[in-house]
Structure formats: structure tokens, C-alpha cells
Amino acid sequence: MSPYEQTRKRVLKRLFVGLTLFILSFFTLGLASIFFTNAMAEWGEAAPFIWVFITTVFVTLLYQPISHSYSWLFKHFIFPRRSHALSSLHRLIQELAQTSDLSELSNLLVNTVAEVLQLKTVSLLLKAPHGEGYTVASASGWRVADYRKLRFLPGASVLELIKAAGPQILLREKVMRSLSWQEANQITKDFDELHATCVIPLWVKSELVGSLNLLAASPEQHLTEGDLRFFRDFSQSIAPSVRNALVIGQLKMANEELRDSQSQLLQSAKLTAIEQLASGIAHEIHNPLTIISGKAQVLLLQKERKVLDEKVEEVLKTIVSQTRRAADITKKLLMFSKASTSPREKIRLEGILEDTLSLIAYQTSLEGTQMERLVAEDLPDFWGNVQELREVFLNLILNALQATGPGGKIQIGLTFDKADNLFVIQVADNGPGILPENLDKVFNPFFTTRPEGVGLGLFLTQQIVHRYGGSIRVESQPKEGTLFVIELPLENPSASNSSATSETATDAEFSLKTKEEWL
């Protein structure tokens, strides 16, 4: 298929127009010589010039109508597919120039090119937003999971080849013939990873923005010299639009990172104030609470010697219960204080998870809660504190239990991402979910939607996770359940099990799932 031979089409149309005008002029002169013989005799020697003038006027008046007629014939009958493809790609250039969102531009470009040219795969390789190298921003004919993990680092063979070729389009077969077999093996691998036989570089001056990579639907589809010239012009037209969208995307990311930094600074200031408050509470309130609780318990122990009024006994029990609750709050506040240091050791996260589930086994069986565990095999050791991590598991699981109620379903996942060296903990429930306006508040101290709740569980969990350099996020919709995802980096790889960090995959590895995939 050769839909873009503009020069050939233009020359062919002009040839048809000229031939038509010549035939019409010759026919007109023939008719004139028959019907205007007397007039020509009267004109004498001026007759040839007059007829040349008349013919020129005739040709001038008929040129545009005849040219438009042939354009219409070419478009609708002679080259219908070519005209459609060409006009579609020209419209695409205009649409890309008006699109500033990188994701929208990438999807529009690859999908339109794939549809118009009827190609098997099309991909857009661009500079990585973070870090070095190039990544696939969008692709048609690929699975998203496949192209998202593809990255070409600086010095990659295909990148060096593109830079050396400049604006020239790279055709796989032609490139292979010009390389040694060692170089050809690596380039073949790169072309296979790109699912391409044709690489169209996108240059803006001396900057390589990326490349548009094409794979034909069948071996019969070949690119001619006319196609290559068109694609060079096409790449020069779209490259500035792609680069502008890339720069705007980088500015947006930088702006978001700045907002995140400001938010973290503000949160850090809040935490400092809370830590100071917690320290004061611990010294000023915890000890009096302990004394009050102790006195009340002493009076309760003496009830056998001295008969107490039932109301007095009930009041004493309430005092003991509430002072213990207040003391527990002060202890939790102290747990995230900077002054508190917890010893860390080499531990097994799956063991801590099992211990935590054993603690609440009676409650889950009593309420008929369905617990499902998805734990990968051969997890590496983690360097941490047992009590802190048990608190993390316990807070998330208890929250899920309280959300689902009797007969609910809870799924707990524990995996290790070898690519990023991260432990991934997921806790999902099929409860009523969290209202959108509350999603940003769930980790705030003392925020709770339960009347009997304190609102420190998730806040404390977040602080523990942050101490380990990890992250925690929540996904939830009303009536669709809730998913908490924690990512903990393997801070001390030397202390971990060396066999667990090998590249050998196990049968029990699980990929990160969304809330909808979990439940």
C-alpha cells in the first residue's frame, strides 16, 4: 500500500489536465476553422495571433474547473483510500498542534496512525518523564502491561542508531544489511521489543524527542520512497507538538512535586506540634490517670470487706475503664514521637502477619468473617521492629473488620516487587467504602466516623510506614469496599535472604491489583 505518493499524484493530475485542455483547444480550433472561415480571411495576417489569444483565454477559464474535476475523480474513484488516509493524517497534524496533554496526544497519535494505515502495531517512544532513557508513552496493538515496563537506557543500540541516522527513517531489513552480525543481533532484539520494522525519529532541531515505531499487518505492505518522504515530512510536523506536550507534562509533574513538598512541610509542622503535645500529655496526664485508676481498683478490691452501693461500684468500674482508655490514647500518641526509638532486627513479615491473624482469629470466627491470604513464597527478610509492624497489620485488619461487620470478606496480600525492591502489603474489604470527601482525611489524627473510635489507628500506621521510607494509600468508593496499599522498601538488602532476591520467579508471585480486581 502506497497512499502518500503526493508528488506522483500531483504530476499525474497535471498531465491529465494538460492533455484535456490540449484536446479541447485542438477540437475548438477545428470547429472554428470550419464555421469561421470567412472571419479568418478578413483578419488576414493577424488571424493566428487572435486565435492564440482566444485559445489562451479559453484555457485560462477552463483550467480551474477541469483541475477541480480531476481532484474530485482522484479522491472518489481513482485514489479513494489514498486521499482519505492523506487527509486524515493532515487533520491529525492540526489536532496534535492543539493538544497539550501528553497522554491524550500519545493515544491520539498511535491510534489514528494505526487505524488510517491499517498497521498491526504502532508505538510512540519518548524521553522518560523521570530518570534517564526513553519509554513507550502509548501503543496500539500492545498490552499496556507490556509496553509500560519497556525502557531503553542511554547507550542502547537502537538509540545510538537513531542518533547516528539523524532524520533518516530506519527500516529493519535495510539496517540489518549494513551491520555486523554482532551488532545486528542486538538491534534485532531492540526492534523486536519495539514490535516494529520501521522507526521514524522525531527530532526538534538537535534534540531527539523520541520515535514513532510501525509494524505492518502483512509482509506485502512495503514503504516506497514516496512513503518515506511523506513520513519524514510528517515527523517534522508532529515533533514540535510532541515535544511541547512532553515539556508541559514535565512542568505539571514538577508543579505536583512542589505541591507535595509543600504539603509534606505543612504536615511535618503539624506533626511536630502534635509530638510536643503528646510529650506534654504523657508527663502531665498519664501519671495522674494511672493514680486515679489504681485508687479505683483498690476500692473495688475492698468491696468484700466493705459492702459498696451498686451505683458506687458501677461508677468505680467506669472510672477504671475510662482511665485505661485515656492512658491507651497517651501511649499511642507517644508511639509516633520522634524521641521514641525502636530497635530493628531481621524479621519475616509473613510471620508477623500470621501472628496478627492469630490474635484476632476468635473475633473473625465469631463474626463469620471470610479471611483470604495471598502471600508470595520466598519473601526476603525485612529489617524492622516487630511491635511496630504488628501494629500496622493489626490497625488495617481491625479497620477492615469494623467496616465489613459480621459475614464480611477481607483479603490480605503480601508480595515483593523485585524490580523496585519493595514489599507490597494490600488489605481489601467489601464494606460500605469511604465517602469521597473523607478520603483525604482518613490519615488525619483523631479523625473517625465511628462514635466509639479514637481516630489514631490509621494516623499511627502512616507514621510507622513513613519511618521505614514507605508509602500508604487508600482506594475506595461508597458501597464498593476499600483497599489499603502499603509499599515498604527493602532498606537492608545485605541482611536479607540472598536466595530470595535472586531473579528466579516463584509460582506464588502476585502483581499489584486495583480495588476492583481484589473484590
# chains A, B, ... in the order shown; residues from 1 in each chain; ligands from 1
$ residues_around --residues "range 437-446 of chain A" --least-positions-apart "2" --cutoff "9 Å" --atoms "only C-alpha atoms" --output "list in words"
Ile434, Leu435, Thr448, Gly453, Val454, Gly455, Leu456, Gly457, Leu458, Phe459, Leu460, Thr461, Gln462, Val474, Glu475 and Ser476 of chain A
$ write_last_selection --atoms "C-alpha atoms" --output "short mmCIF file (atom, residue, chain, number, x, y, z; two decimals), in the first residue's frame"
data_model
loop_
_atom_site.label_atom_id
_atom_site.label_comp_id
_atom_site.auth_asym_id
_atom_site.auth_seq_id
_atom_site.Cartn_x
_atom_site.Cartn_y
_atom_site.Cartn_z
CA ILE A 434 -15.37 5.66 52.27
CA LEU A 435 -17.09 8.83 51.13
CA THR A 448 -13.03 8.89 62.77
CA GLY A 453 -13.43 5.42 67.72
CA VAL A 454 -10.39 7.49 68.68
CA GLY A 455 -9.08 8.16 65.15
CA LEU A 456 -5.42 7.35 65.77
CA GLY A 457 -5.10 3.89 64.18
CA LEU A 458 -4.51 4.93 60.55
CA PHE A 459 -2.57 8.00 61.58
CA LEU A 460 -0.23 5.85 63.64
CA THR A 461 0.03 3.33 60.79
CA GLN A 462 1.02 6.08 58.36
CA VAL A 474 -6.26 4.15 50.04
CA GLU A 475 -8.69 3.42 47.19
CA SER A 476 -12.39 3.43 47.93
#
$ select_by_dssp --residues "range 352-504 of chain A" --states "helix (DSSP H, G or I)" --output "ChimeraX atom specification"
/A:352-359,361-367,386-404,436-441,457-467,493-495,498-501
$ closest_residue --among "A:Glu372, A:Asp192, A:Glu377, A:Glu388" --to "Ile352 in chain A" --atoms "only C-alpha atoms"
A:Glu388
$ residues_around --residues "Val199 in chain A" --least-positions-apart "4" --cutoff "9 Å" --atoms "only C-alpha atoms" --output "PyMOL selection string"
chain A and resi 162+169-172+191+211-214
$ write_last_selection --atoms "N, CA and C atoms" --output "mmCIF file, in the first residue's frame"
data_model
loop_
_atom_site.group_PDB
_atom_site.id
_atom_site.type_symbol
_atom_site.label_atom_id
_atom_site.label_comp_id
_atom_site.auth_asym_id
_atom_site.auth_seq_id
_atom_site.Cartn_x
_atom_site.Cartn_y
_atom_site.Cartn_z
ATOM 1 N N ILE A 162 19.532 5.511 15.981
ATOM 2 C CA ILE A 162 18.650 6.620 15.595
ATOM 3 C C ILE A 162 19.429 7.928 15.556
ATOM 4 N N ILE A 169 14.716 7.707 8.180
ATOM 5 C CA ILE A 169 13.851 6.658 8.714
ATOM 6 C C ILE A 169 14.589 5.323 8.670
ATOM 7 N N LEU A 170 14.474 4.551 9.759
ATOM 8 C CA LEU A 170 15.172 3.275 9.856
ATOM 9 C C LEU A 170 14.238 2.133 9.472
ATOM 10 N N LEU A 171 14.625 1.395 8.444
ATOM 11 C CA LEU A 171 13.907 0.189 8.044
ATOM 12 C C LEU A 171 14.712 -1.020 8.493
ATOM 13 N N ARG A 172 14.044 -1.931 9.167
ATOM 14 C CA ARG A 172 14.742 -3.049 9.798
ATOM 15 C C ARG A 172 15.610 -3.829 8.808
ATOM 16 N N PHE A 191 14.462 -4.008 17.977
ATOM 17 C CA PHE A 191 13.311 -3.904 17.078
ATOM 18 C C PHE A 191 12.182 -4.835 17.531
ATOM 19 N N SER A 211 10.536 8.536 18.994
ATOM 20 C CA SER A 211 10.354 7.907 17.679
ATOM 21 C C SER A 211 8.958 7.306 17.583
ATOM 22 N N LEU A 212 8.455 7.256 16.347
ATOM 23 C CA LEU A 212 7.187 6.592 16.034
ATOM 24 C C LEU A 212 7.539 5.271 15.362
ATOM 25 N N ASN A 213 7.071 4.177 15.933
ATOM 26 C CA ASN A 213 7.509 2.848 15.513
ATOM 27 C C ASN A 213 6.339 2.070 14.916
ATOM 28 N N LEU A 214 6.537 1.530 13.710
ATOM 29 C CA LEU A 214 5.444 0.904 12.965
ATOM 30 C C LEU A 214 5.762 -0.554 12.655
#
$ residues_around --residues "range 400-404 of chain A" --least-positions-apart "5" --cutoff "8 Å" --atoms "only C-alpha atoms" --output "ChimeraX atom specification"
/A:364,369,409-410,427-433
$ closest_residue --among "A:Asn107, A:Gln426, A:Ser206, A:Gln118" --to "Ala85 in chain A" --atoms "only C-alpha atoms"
A:Gln118
$ closest_residue --among "A:Trp181, A:Phe382, A:Trp142, A:Trp203" --to "Gly166 in chain A" --atoms "only C-alpha atoms"
A:Trp203
$ closest_residue --among "A:Gly18, A:Pro288, A:Gly155, A:Pro240" --to "Ser67 in chain A" --atoms "only C-alpha atoms"
A:Gly18
$ atom_distance --atom1 "CA of Leu108 in chain A" --atom2 "CA of Leu86 in chain A"
16.2 Å
$ residues_around --residues "Ala97 in chain A" --least-positions-apart "4" --cutoff "8 Å" --atoms "only C-alpha atoms" --output "list in words"
Ile93, Ile238 and Ser241 of chain A
$ closest_residue --among "A:Thr323, A:Ile66, A:Asp328, A:Val242" --to "Ser106 in chain A" --atoms "only C-alpha atoms"
A:Val242
$ closest_residue --among "A:Met176, A:Ile248, A:Ile412, A:Val158" --to "Thr99 in chain A" --atoms "only C-alpha atoms"
A:Ile248
$ residues_around --residues "Lys346 in chain A" --least-positions-apart "5" --cutoff "7 Å" --atoms "only C-alpha atoms" --output "PyMOL selection string"
chain A and resi 381-384+495
$ atom_distance --atom1 "CA of Val485 in chain A" --atom2 "CA of Val424 in chain A"
7.0 Å
